[in-house]
$ cat target-v1.cif   # mmCIF, C-alpha atoms
data_my_file
#
loop_
_atom_site.label_atom_id
_atom_site.label_comp_id
_atom_site.auth_asym_id
_atom_site.auth_seq_id
_atom_site.Cartn_x
_atom_site.Cartn_y
_atom_site.Cartn_z
CA MET Q 300 -0.11 -7.34 29.64
CA ARG Q 301 0.99 -4.38 27.53
CA ASP Q 302 4.62 -4.93 28.51
CA ARG Q 303 4.36 -8.55 27.42
CA LEU Q 304 2.86 -7.61 24.04
CA GLU Q 305 5.57 -5.00 23.52
CA SER Q 306 8.19 -7.58 24.41
CA ILE Q 307 6.82 -10.02 21.81
CA ALA Q 308 6.60 -7.30 19.16
CA ASP Q 309 10.13 -6.15 19.98
CA ARG Q 310 11.41 -9.73 19.68
CA LEU Q 311 9.74 -10.08 16.27
CA ALA Q 312 11.15 -6.74 15.18
CA ARG Q 313 14.69 -7.84 16.01
CA ALA Q 314 14.33 -11.31 14.47
CA SER Q 315 17.11 -12.33 12.10
CA VAL Q 316 16.52 -13.61 8.58
CA VAL Q 317 16.90 -17.20 9.79
CA ASP Q 318 14.43 -16.59 12.64
CA ARG Q 319 11.90 -15.11 10.23
CA ILE Q 320 12.23 -18.06 7.85
CA VAL Q 321 11.71 -20.51 10.71
CA ILE Q 322 8.67 -18.55 11.93
CA SER Q 323 7.19 -18.47 8.42
CA LEU Q 324 7.71 -22.21 7.94
CA ALA Q 325 6.11 -22.94 11.32
CA ALA Q 326 3.17 -20.71 10.41
CA LEU Q 327 2.85 -22.48 7.05
CA VAL Q 328 2.79 -25.92 8.67
CA THR Q 329 0.20 -24.73 11.20
CA ALA Q 330 -2.00 -23.28 8.47
CA VAL Q 331 -1.75 -26.49 6.43
CA LEU Q 332 -2.81 -28.60 9.43
CA ILE Q 333 -5.74 -26.35 10.34
CA GLY Q 334 -6.77 -26.08 6.70
CA GLY Q 335 -6.62 -29.85 6.32
CA VAL Q 336 -8.95 -30.31 9.27
CA LEU Q 337 -11.30 -27.68 7.82
CA VAL Q 338 -11.38 -29.41 4.43
CA PHE Q 339 -11.94 -32.83 6.01
CA VAL Q 340 -14.78 -31.64 8.26
CA SER Q 341 -16.42 -29.71 5.41
CA GLY Q 342 -16.59 -32.96 3.49
CA ALA Q 343 -19.12 -34.28 6.00
CA PHE Q 344 -21.66 -31.71 4.81
CA ALA Q 345 -21.19 -32.44 1.10
CA SER Q 346 -22.91 -35.04 -1.03
CA CYS Q 347 -20.84 -37.70 -2.77
CA ARG Q 348 -21.08 -41.32 -3.86
CA THR Q 349 -17.78 -42.42 -2.37
CA GLY Q 350 -15.83 -41.15 0.58
CA LEU Q 351 -14.40 -42.02 3.97
CA GLU Q 352 -17.01 -43.59 6.26
CA MET Q 353 -16.50 -42.59 9.88
CA GLY Q 354 -18.93 -42.43 12.79
CA GLY Q 355 -21.94 -42.85 10.55
CA ALA Q 356 -20.95 -39.92 8.36
CA THR Q 357 -19.36 -39.83 4.92
CA PHE Q 358 -16.44 -37.42 4.51
CA CYS Q 359 -16.23 -36.51 0.83
CA TYR Q 360 -13.03 -34.46 0.68
CA ASN Q 361 -9.51 -35.82 1.00
CA PRO Q 362 -7.18 -33.11 2.41
CA MET Q 363 -4.11 -34.90 1.05
CA GLN Q 364 -5.48 -34.81 -2.48
CA VAL Q 365 -6.46 -31.15 -2.07
CA TYR Q 366 -2.94 -30.14 -1.01
CA TYR Q 367 -1.42 -32.32 -3.71
CA GLU Q 368 -3.40 -30.46 -6.35
CA LEU Q 369 -2.78 -27.09 -4.71
CA PHE Q 370 1.01 -27.29 -4.60
CA LEU Q 371 1.95 -29.84 -7.25
CA GLY Q 372 -0.96 -29.20 -9.59
CA ALA Q 373 0.27 -25.62 -9.87
CA LEU Q 374 3.52 -27.02 -11.31
CA GLY Q 375 1.79 -29.41 -13.70
CA HIS Q 376 2.14 -32.55 -11.51
CA PRO Q 377 5.92 -33.02 -11.82
CA LEU Q 378 5.82 -36.41 -10.05
CA GLU Q 379 3.65 -37.93 -12.78
CA GLY Q 380 4.82 -39.26 -16.13
CA GLY Q 381 4.98 -37.09 -19.21
CA TRP Q 382 5.71 -33.90 -17.28
CA THR Q 383 7.38 -31.08 -19.21
CA LEU Q 384 8.88 -27.85 -17.93
CA THR Q 385 6.76 -25.80 -20.31
CA ASN Q 386 3.34 -27.10 -19.26
CA TYR Q 387 0.25 -24.91 -19.06
CA SER Q 388 -0.16 -25.03 -15.26
CA LEU Q 389 3.39 -23.85 -14.65
CA ALA Q 390 2.93 -21.13 -17.26
CA THR Q 391 -0.16 -19.92 -15.38
CA THR Q 392 1.77 -19.91 -12.11
CA LEU Q 393 4.68 -17.94 -13.56
CA GLN Q 394 2.36 -15.55 -15.40
CA ARG Q 395 0.64 -14.64 -12.15
CA THR Q 396 4.01 -14.44 -10.40
CA THR Q 397 5.34 -11.99 -12.97
CA LEU Q 398 2.38 -9.62 -12.69
CA LEU Q 399 2.35 -9.77 -8.88
CA ILE Q 400 6.04 -8.88 -8.72
CA PHE Q 401 5.21 -5.52 -10.28
CA SER Q 402 2.25 -4.80 -8.00
CA GLY Q 403 4.09 -6.11 -4.93
CA LEU Q 404 7.07 -3.85 -5.66
CA SER Q 405 4.69 -0.93 -6.11
CA VAL Q 406 3.23 -1.41 -2.64
CA ALA Q 407 6.61 -2.19 -1.06
CA VAL Q 408 8.19 1.06 -2.28
CA ALA Q 409 5.43 3.12 -0.68
CA PHE Q 410 5.51 1.08 2.53
CA ARG Q 411 9.27 1.52 2.86
CA ALA Q 412 8.70 5.28 2.61
CA GLY Q 413 6.18 5.11 5.44
CA LEU Q 414 3.19 5.49 3.13
CA LEU Q 415 0.23 3.17 2.60
CA ASN Q 416 -0.46 2.97 -1.12
CA ILE Q 417 -3.80 1.20 -1.44
CA GLY Q 418 -4.14 2.62 -4.95
CA THR Q 419 -1.87 0.29 -6.91
CA GLN Q 420 -4.97 -1.22 -8.52
CA GLY Q 421 -6.03 2.13 -9.94
CA GLN Q 422 -2.49 2.91 -11.11
CA LEU Q 423 -2.35 -0.49 -12.81
CA VAL Q 424 -5.68 0.12 -14.55
CA VAL Q 425 -4.63 3.55 -15.83
CA GLY Q 426 -1.21 2.29 -16.90
CA GLY Q 427 -2.71 -0.65 -18.77
CA LEU Q 428 -5.07 1.57 -20.78
CA ALA Q 429 -2.25 4.02 -21.58
CA THR Q 430 -0.13 1.13 -22.83
CA ALA Q 431 -2.83 -0.32 -25.09
CA VAL Q 432 -3.78 3.04 -26.59
CA THR Q 433 -0.16 4.09 -27.14
CA VAL Q 434 0.83 0.86 -28.85
CA VAL Q 435 -2.28 0.71 -31.05
CA TYR Q 436 -1.84 4.27 -32.29
CA ALA Q 437 1.96 4.10 -32.57
CA SER Q 438 1.80 0.89 -34.60
CA ALA Q 439 0.10 2.84 -37.39
CA VAL Q 440 3.28 4.85 -38.00
CA VAL Q 441 5.76 1.96 -37.82
CA PRO Q 442 7.40 1.65 -41.25
CA ALA Q 443 6.82 -1.49 -43.23
CA ARG Q 444 10.55 -2.07 -43.40
CA ILE Q 445 13.93 -0.41 -43.01
CA VAL Q 446 16.73 -0.97 -45.49
CA LEU Q 447 20.13 -0.98 -43.79
CA PRO Q 448 23.54 -0.69 -45.49
CA LEU Q 449 24.64 -3.67 -47.57
CA GLY Q 450 21.03 -4.24 -48.56
CA VAL Q 451 19.91 -5.68 -45.21
CA VAL Q 452 16.12 -5.37 -44.84
CA VAL Q 453 14.57 -5.19 -41.37
CA PRO Q 454 10.84 -6.14 -41.48
CA ALA Q 455 8.08 -4.28 -39.67
CA GLY Q 456 7.60 -7.09 -37.16
CA PHE Q 457 11.10 -6.77 -35.79
CA ILE Q 458 10.88 -2.98 -35.73
CA GLY Q 459 7.56 -3.13 -33.91
CA THR Q 460 8.88 -5.52 -31.29
CA VAL Q 461 11.96 -3.41 -30.57
CA VAL Q 462 10.15 -0.06 -30.60
CA LEU Q 463 6.56 -0.64 -29.53
CA ILE Q 464 7.11 -2.87 -26.48
CA PRO Q 465 9.49 -0.46 -24.68
CA LEU Q 466 7.23 2.42 -25.74
CA GLY Q 467 4.17 0.68 -24.31
CA VAL Q 468 5.91 -0.13 -21.03
CA LEU Q 469 7.13 3.46 -20.78
CA ALA Q 470 3.60 4.76 -21.41
CA GLY Q 471 2.24 2.53 -18.65
CA ALA Q 472 4.94 3.66 -16.24
CA LEU Q 473 4.35 7.34 -16.97
CA ALA Q 474 0.56 7.07 -16.64
CA GLY Q 475 0.78 5.03 -13.44
CA GLY Q 476 3.46 7.34 -12.03
CA MET Q 477 1.42 10.47 -12.68
CA TYR Q 478 -1.65 8.85 -11.16
CA GLY Q 479 0.40 7.83 -8.12
CA ALA Q 480 1.80 11.35 -7.79
CA VAL Q 481 -1.71 12.73 -7.18
CA PRO Q 482 -2.19 11.15 -3.70
CA GLY Q 483 1.50 11.86 -3.01
CA ALA Q 484 0.99 15.58 -3.64
CA LEU Q 485 -2.23 15.60 -1.63
CA LYS Q 486 -0.37 13.97 1.27
CA ALA Q 487 2.62 16.30 1.04
CA TYR Q 488 0.91 19.64 0.51
CA ALA Q 489 -2.61 19.18 1.89
CA ASP Q 490 -1.91 16.61 4.62
CA ALA Q 491 -4.57 14.34 3.12
CA ASN Q 492 -4.62 10.76 4.38
CA GLU Q 493 -3.09 8.66 1.60
CA VAL Q 494 -5.15 5.60 2.54
CA ILE Q 495 -8.41 7.42 1.86
CA THR Q 496 -7.19 9.21 -1.27
CA THR Q 497 -5.71 6.10 -2.87
CA ILE Q 498 -8.83 4.04 -2.15
CA MET Q 499 -11.03 6.72 -3.71
CA LEU Q 500 -8.67 7.08 -6.67
CA ASN Q 501 -9.10 3.37 -7.37
CA ILE Q 502 -12.79 4.00 -7.94
CA ILE Q 503 -12.08 7.12 -9.98
CA ALA Q 504 -9.60 5.19 -12.16
CA VAL Q 505 -12.27 2.65 -13.07
CA GLY Q 506 -14.73 5.42 -13.98
CA ILE Q 507 -12.22 7.44 -16.01
CA THR Q 508 -10.91 4.48 -18.00
CA SER Q 509 -14.39 3.13 -18.69
CA THR Q 510 -15.53 6.54 -19.90
CA LEU Q 511 -12.47 7.00 -22.12
CA LEU Q 512 -12.95 3.52 -23.54
CA SER Q 513 -16.58 4.02 -24.52
CA TRP Q 514 -15.97 7.57 -25.73
CA GLN Q 515 -12.81 7.16 -27.79
CA PHE Q 516 -10.97 3.84 -27.65
CA GLN Q 517 -13.59 1.10 -27.96
CA ASP Q 518 -12.78 -1.65 -30.44
CA PRO Q 519 -15.28 -1.08 -33.28
CA ASN Q 520 -15.16 -4.76 -34.19
CA SER Q 521 -16.25 -6.02 -30.78
CA THR Q 522 -19.23 -5.58 -28.49
CA ASN Q 523 -17.10 -6.36 -25.43
CA PRO Q 524 -15.72 -3.35 -23.53
CA GLN Q 525 -12.12 -3.48 -24.79
CA THR Q 526 -9.61 -1.59 -26.89
CA ALA Q 527 -8.51 -2.67 -30.33
CA PRO Q 528 -5.87 -5.41 -30.15
CA VAL Q 529 -2.22 -4.45 -30.30
CA PRO Q 530 -0.31 -5.92 -33.27
CA GLU Q 531 0.92 -9.43 -32.63
CA TYR Q 532 4.52 -8.36 -33.07
CA ALA Q 533 4.02 -5.78 -30.26
CA GLU Q 534 3.21 -8.47 -27.68
CA ILE Q 535 5.92 -9.77 -25.35
CA PRO Q 536 7.68 -12.45 -27.42
CA THR Q 537 8.40 -15.96 -26.19
CA LEU Q 538 11.83 -17.54 -26.28
CA PRO Q 539 12.33 -20.14 -29.01
CA VAL Q 540 13.03 -23.76 -28.00
CA VAL Q 541 13.18 -23.13 -24.22
CA GLY Q 542 10.18 -20.81 -23.98
CA PHE Q 543 6.49 -21.45 -23.37
CA GLY Q 544 4.05 -21.56 -26.26
CA GLY Q 545 2.37 -18.36 -27.37
CA ARG Q 546 -1.09 -19.63 -26.41
CA MET Q 547 -0.03 -19.84 -22.75
CA ASN Q 548 0.14 -16.03 -22.50
CA PHE Q 549 3.44 -16.10 -20.65
CA SER Q 550 6.97 -15.16 -21.63
CA LEU Q 551 10.20 -15.87 -19.81
CA LEU Q 552 11.41 -12.49 -21.04
CA ALA Q 553 8.68 -10.80 -18.99
CA LEU Q 554 9.66 -12.79 -15.91
CA ALA Q 555 13.32 -11.91 -16.48
CA PHE Q 556 12.41 -8.23 -16.68
CA ALA Q 557 10.38 -8.49 -13.47
CA VAL Q 558 13.29 -10.15 -11.66
CA ALA Q 559 15.72 -7.54 -12.99
CA LEU Q 560 13.41 -4.77 -11.79
CA MET Q 561 13.17 -6.49 -8.41
CA VAL Q 562 16.96 -6.55 -8.10
CA GLY Q 563 17.15 -2.96 -9.34
CA ILE Q 564 14.74 -1.72 -6.64
CA ALA Q 565 16.73 -3.62 -4.00
CA TRP Q 566 19.90 -1.93 -5.28
CA LEU Q 567 18.11 1.43 -5.24
CA PHE Q 568 17.23 0.96 -1.58
CA ALA Q 569 20.67 -0.25 -0.53
CA ARG Q 570 23.13 1.69 -2.69
CA THR Q 571 21.70 5.08 -3.62
CA SER Q 572 21.13 8.31 -1.73
CA PHE Q 573 17.52 8.37 -2.93
CA GLY Q 574 16.94 4.89 -1.50
CA TYR Q 575 18.58 5.87 1.77
CA GLU Q 576 16.40 8.96 2.07
CA LEU Q 577 13.32 6.93 1.19
CA ARG Q 578 14.04 4.28 3.83
CA THR Q 579 15.00 6.84 6.47
CA SER Q 580 11.86 8.89 5.93
CA GLY Q 581 9.82 5.72 6.41
CA ILE Q 582 11.60 4.51 9.55
CA GLN Q 583 12.47 7.79 11.29
CA PRO Q 584 10.77 10.81 9.68
CA GLY Q 585 12.12 13.14 12.36
CA ALA Q 586 15.70 12.00 11.86
CA ALA Q 587 15.31 12.23 8.09
CA ALA Q 588 14.06 15.83 8.31
CA TYR Q 589 16.91 16.68 10.70
CA GLY Q 590 19.35 15.22 8.17
CA GLY Q 591 18.07 17.51 5.41
CA VAL Q 592 15.62 15.21 3.63
CA ASP Q 593 12.81 17.17 1.98
CA GLU Q 594 9.80 15.32 3.35
CA LYS Q 595 7.32 16.71 0.81
CA ARG Q 596 9.56 15.96 -2.15
CA MET Q 597 10.23 12.44 -0.90
CA THR Q 598 6.51 11.78 -0.38
CA VAL Q 599 5.66 12.77 -3.95
CA ALA Q 600 8.70 10.97 -5.40
CA SER Q 601 8.05 7.69 -3.58
CA MET Q 602 4.37 7.67 -4.55
CA THR Q 603 5.31 8.47 -8.14
CA LEU Q 604 7.77 5.57 -8.24
CA SER Q 605 5.19 3.32 -6.60
CA GLY Q 606 2.57 4.31 -9.17
CA ALA Q 607 5.01 3.80 -12.04
CA LEU Q 608 5.65 0.23 -10.91
CA GLY Q 609 1.91 -0.38 -10.77
CA GLY Q 610 1.56 1.07 -14.26
CA ILE Q 611 4.27 -1.29 -15.53
CA GLY Q 612 2.22 -4.17 -14.13
CA GLY Q 613 -0.73 -2.94 -16.19
CA ALA Q 614 1.49 -2.69 -19.27
CA PHE Q 615 2.59 -6.31 -18.98
CA TRP Q 616 -0.98 -7.43 -18.31
CA VAL Q 617 -1.86 -5.92 -21.69
CA LEU Q 618 1.23 -6.88 -23.70
CA MET Q 619 1.73 -10.38 -22.32
CA VAL Q 620 -1.66 -11.74 -21.30
CA HIS Q 621 -4.46 -10.26 -23.42
CA GLY Q 622 -2.92 -8.20 -26.19
CA ARG Q 623 -5.50 -5.48 -25.48
CA TRP Q 624 -6.99 -3.59 -22.53
CA LEU Q 625 -10.16 -5.06 -21.07
CA GLU Q 626 -12.53 -3.22 -18.77
CA ASN Q 627 -12.60 -6.10 -16.29
CA VAL Q 628 -9.10 -5.81 -14.81
CA PRO Q 629 -8.25 -8.48 -12.18
CA SER Q 630 -7.40 -7.41 -8.64
CA LEU Q 631 -3.64 -7.58 -9.10
CA GLY Q 632 -3.09 -4.32 -7.26
CA PHE Q 633 -4.96 -5.45 -4.16
CA ASP Q 634 -3.13 -8.78 -4.20
CA GLY Q 635 0.09 -6.78 -4.32
CA ILE Q 636 -0.65 -5.47 -0.82
CA ALA Q 637 -0.68 -9.00 0.58
CA VAL Q 638 2.43 -9.87 -1.45
CA SER Q 639 4.32 -6.91 0.00
CA VAL Q 640 3.25 -7.63 3.58
CA LEU Q 641 4.17 -11.29 3.18
CA ALA Q 642 7.59 -10.25 1.87
CA GLY Q 643 8.17 -7.81 4.71
CA ASN Q 644 8.40 -5.03 2.07
CA SER Q 645 11.65 -6.56 0.86
CA PRO Q 646 12.08 -6.22 -2.93
CA ILE Q 647 13.78 -9.63 -3.13
CA GLY Q 648 11.17 -11.19 -0.86
CA VAL Q 649 8.44 -9.91 -3.18
CA GLY Q 650 9.56 -12.47 -5.76
CA ALA Q 651 9.10 -15.41 -3.38
CA ALA Q 652 5.76 -14.10 -2.10
CA ALA Q 653 4.51 -13.53 -5.65
CA PHE Q 654 5.48 -17.08 -6.58
CA LEU Q 655 3.48 -18.40 -3.61
CA PHE Q 656 0.45 -16.44 -4.76
CA GLY Q 657 0.98 -17.75 -8.28
CA ILE Q 658 0.94 -21.30 -6.93
CA PHE Q 659 -2.31 -20.64 -5.09
CA ASP Q 660 -3.95 -19.20 -8.20
CA SER Q 661 -2.90 -22.02 -10.53
CA GLY Q 662 -3.29 -24.71 -7.85
CA GLY Q 663 -6.82 -23.51 -7.10
CA ASN Q 664 -7.73 -24.13 -10.73
CA SER Q 665 -6.20 -27.60 -10.49
CA ILE Q 666 -8.26 -28.38 -7.38
CA GLY Q 667 -11.44 -27.32 -9.17
CA THR Q 668 -10.63 -29.61 -12.09
CA ALA Q 669 -9.50 -32.71 -10.20
CA THR Q 670 -11.77 -32.63 -7.12
CA ASP Q 671 -15.30 -31.72 -6.11
CA VAL Q 672 -14.11 -29.18 -3.54
CA PRO Q 673 -16.04 -25.91 -4.13
CA PRO Q 674 -14.02 -22.82 -5.07
CA GLU Q 675 -15.25 -20.99 -1.96
CA LEU Q 676 -13.53 -23.58 0.25
CA VAL Q 677 -10.37 -23.34 -1.85
CA GLY Q 678 -10.41 -19.56 -1.31
CA ILE Q 679 -10.75 -20.04 2.44
CA LEU Q 680 -7.90 -22.56 2.43
CA THR Q 681 -5.47 -20.33 0.52
CA GLY Q 682 -6.54 -17.29 2.53
CA LEU Q 683 -5.85 -19.16 5.75
CA ILE Q 684 -2.33 -20.03 4.59
CA ILE Q 685 -1.64 -16.45 3.54
CA LEU Q 686 -2.98 -15.12 6.84
CA PHE Q 687 -0.86 -17.42 8.99
CA VAL Q 688 2.31 -16.77 7.01
CA ALA Q 689 1.82 -13.01 6.69
CA MET Q 690 0.75 -12.17 10.25
CA PRO Q 691 4.16 -12.72 11.93
CA GLU Q 692 5.75 -10.46 9.31
CA PHE Q 693 2.99 -7.92 9.77
CA PHE Q 694 3.53 -7.79 13.52
CA ARG Q 695 7.27 -7.59 12.93
CA MET Q 696 6.77 -4.46 10.84
CA LEU Q 697 4.51 -2.97 13.51
CA GLY Q 698 7.13 -3.77 16.13
CA ARG Q 699 9.86 -2.08 14.09
CA ARG Q 700 7.74 1.00 13.54
CA TYR Q 701 6.08 1.55 16.91
CA VAL Q 702 7.90 -0.45 19.57
CA THR Q 703 11.57 -0.60 18.75
CA VAL Q 704 11.72 3.00 17.54
CA ASP Q 705 9.69 4.43 20.39
CA SER Q 706 11.56 2.52 23.04
CA ALA Q 707 15.00 3.46 21.72
CA ARG Q 708 17.07 5.64 24.03
CA PRO Q 709 20.43 7.27 23.35
CA ALA Q 710 23.03 5.77 25.67
CA ARG Q 711 25.98 7.36 27.47
CA THR Q 712 29.43 5.92 26.98
CA ASP Q 713 29.08 4.22 30.36
CA GLY Q 714 25.95 2.39 29.21
CA GLY Q 715 23.43 4.57 31.05
CA ASP Q 716 20.40 6.37 29.62
CA ALA Q 717 21.36 9.78 28.30
CA GLY Q 718 17.84 11.06 28.80
CA ALA Q 719 17.88 10.18 32.47
CA ASP Q 720 20.18 13.05 33.40
CA ASP Q 721 19.14 16.04 31.37
CA GLY Q 722 15.55 15.18 30.43
CA GLY Q 723 16.43 15.52 26.71
CA ASP Q 724 14.16 14.31 23.96
CA ALA Q 725 14.96 10.64 23.50
CA ASP Q 726 13.52 10.65 20.01
CA ALA Q 727 15.90 13.30 18.79
#

$ encode --input "target-v1.cif" --output "structure tokens"
Amino acid sequence: MRDRLESIADRLARASVVDRIVISLAALVTAVLIGGVLVFVSGAFASCRTGLEMGGATFCYNPMQVYYELFLGALGHPLEGGWTLTNYSLATTLQRTTLLIFSGLSVAVAFRAGLLNIGTQGQLVVGGLATAVTVVYASAVVPARIVLPLGVVVPAGFIGTVVLIPLGVLAGALAGGMYGAVPGALKAYADANEVITTIMLNIIAVGITSTLLSWQFQDPNSTNPQTAPVPEYAEIPTLPVVGFGGRMNFSLLALAFAVALMVGIAWLFARTSFGYELRTSGIQPGAAAYGGVDEKRMTVASMTLSGALGGIGGAFWVLMVHGRWLENVPSLGFDGIAVSVLAGNSPIGVGAAAFLFGIFDSGGNSIGTATDVPPELVGILTGLIILFVAMPEFFRMLGRRYVTVDSARPARTDGGDAGADDGGDADA
């Protein structure tokens, strides 16, 4: 039985990109079918005036309508008349996609280094507060205008946009990176389990930020637990003509930055010595140490980079969505774990996985508006799809880490097993 399980895991570990796409599509179809049955059967226990009569029971929920709203409602119903590319539902989908790219990249970087960063949520919370506070206080020293040669006057709004947005993003990255370095240092120098430390640091992050907010940074003009709003010109701007409206709390510029960062992390992994050391330490720690990689330095560096990406997610949550830091931060960091697993820890795959999660978030709202299906059932439905699609990739990663690596044997030039003759360490 064990040999059979190892064989399946090894086959998943060696699956090509095409094989993995086929497996994911098959899993998606299976999840949709099972979810459709679940929705249909659940309708028999609901109360409604009209429905499908069958066997003396009335089935209130139509699975086809539910899936229509889930997938097409998230895009603003493109098959219906009057559809525009800049509709609110699509803006919601892309907004969620943008934020989840940051948190998914944060988790993926740590996973590729062989570390389990469960603390992206805390790093995002800390980074978001640092961004809001930095921008609010820095905006007070932005000059009203700058007079350039030839009498050209640059207004404060333009100066604030150019200076304050990068400054806020940098503040979020630094705060998140420093908070991520803490469990990295504990792992490297105290051999503390990073899963436990990052989980506990999530709780600590909530307590620290809440305390700082009430003690120093609370908006005096509001009874809600929140910072003062950042200036309007310091929020992520929308593109004229082709962009979404400001009330939709989404900017194509933010999405473009997220995609650029995604490509940059992929390039970092594939084309730099740091990325090579990071990947090698995650796949074969022994080989990496033998090759001269400083394991402790790499552990701290990878967790710092992971935390910085989480902090950037918090910065964009502040500067694009709310224009201030709120105490009730959504679980973007925890969703990033599922995004990374679904993407197989691939930086490029994170974009596709984040978009799928964005569809589920926006489509779930559409289901709640257009149908009587309760939100709890919608959560089960989307969770079922995520589970079915992510599990093959999860087992593939386990197979790569524990089966393929452990079963590898150095071979002689004649094709035999080098370890069979001299009893050498096959893992060396």

$ resolve_selection --input "target-v1.cif" --expression "the PyMOL selection byres ((chain Q and resi 653) around 6)" --output "compact mmCIF listing (two decimals) with C-alpha atoms, in the coordinates of the input"
# COMPACT_ATOMS: atom_id res chain seq x y z
CA THR Q 396 4.01 -14.44 -10.40
CA LEU Q 399 2.35 -9.77 -8.88
CA ILE Q 400 6.04 -8.88 -8.72
CA VAL Q 638 2.43 -9.87 -1.45
CA VAL Q 649 8.44 -9.91 -3.18
CA GLY Q 650 9.56 -12.47 -5.76
CA ALA Q 651 9.10 -15.41 -3.38
CA ALA Q 652 5.76 -14.10 -2.10
CA PHE Q 654 5.48 -17.08 -6.58
CA LEU Q 655 3.48 -18.40 -3.61
CA PHE Q 656 0.45 -16.44 -4.76

$ closest_residue --input "target-v1.cif" --among "Q:Gly335, Q:Arg411, Q:Ser341, Q:Leu389" --to "Gly542 of chain Q" --atoms "all atoms listed in the file"
Q:Leu389

$ resolve_selection --input "target-v1.cif" --expression "the PyMOL selection byres ((chain Q and resi 645) around 12)" --output "JSON, numbers by chain"
{"Q": [316, 400, 403, 404, 405, 406, 407, 408, 409, 410, 411, 561, 562, 564, 565, 566, 567, 568, 569, 578, 638, 639, 640, 641, 642, 643, 644, 646, 647, 648, 649, 650, 651, 652, 653, 692, 696]}

$ closest_residue --input "target-v1.cif" --among "Q:Pro673, Q:Asn627, Q:Leu473, Q:Val328" --to "Cys359 of chain Q" --atoms "all atoms listed in the file"
Q:Pro673

$ atom_distance --input "target-v1.cif" --atom1 "atom CA of Ala356 of chain Q" --atom2 "atom CA of Val672 of chain Q"
17.4 Å

$ decode --input "target-v1.cif" --residues "segment 498-509 of chain Q" --atoms "N, CA and C atoms" --output "CSV table (one decimal), in the first residue's frame"
chain,number,residue,atom,x,y,z
Q,498,ILE,N,2.2,31.9,13.7
Q,498,ILE,CA,0.9,31.9,14.1
Q,498,ILE,C,0.7,32.8,15.3
Q,499,MET,N,1.6,32.7,16.3
Q,499,MET,CA,1.5,33.5,17.5
Q,499,MET,C,1.8,35.0,17.2
Q,500,LEU,N,2.7,35.2,16.2
Q,500,LEU,CA,2.9,36.6,15.8
Q,500,LEU,C,1.8,37.3,15.1
Q,501,ASN,N,0.9,36.5,14.5
Q,501,ASN,CA,-0.4,37.0,14.0
Q,501,ASN,C,-1.2,37.6,15.1
Q,502,ILE,N,-1.3,36.9,16.2
Q,502,ILE,CA,-2.1,37.4,17.3
Q,502,ILE,C,-1.4,38.6,17.9
Q,503,ILE,N,-0.1,38.6,18.0
Q,503,ILE,CA,0.6,39.7,18.6
Q,503,ILE,C,0.5,40.9,17.8
Q,504,ALA,N,0.5,40.7,16.4
Q,504,ALA,CA,0.3,41.9,15.5
Q,504,ALA,C,-1.0,42.6,15.7
Q,505,VAL,N,-2.0,41.8,15.9
Q,505,VAL,CA,-3.4,42.4,16.1
Q,505,VAL,C,-3.3,43.2,17.4
Q,506,GLY,N,-2.7,42.7,18.5
Q,506,GLY,CA,-2.7,43.4,19.8
Q,506,GLY,C,-1.9,44.6,19.7
Q,507,ILE,N,-0.7,44.5,19.1
Q,507,ILE,CA,0.2,45.7,19.0
Q,507,ILE,C,-0.4,46.8,18.2
Q,508,THR,N,-1.0,46.5,17.0
Q,508,THR,CA,-1.6,47.6,16.2
Q,508,THR,C,-2.8,48.2,16.9
Q,509,SER,N,-3.6,47.4,17.5
Q,509,SER,CA,-4.8,47.9,18.2
Q,509,SER,C,-4.4,48.8,19.3
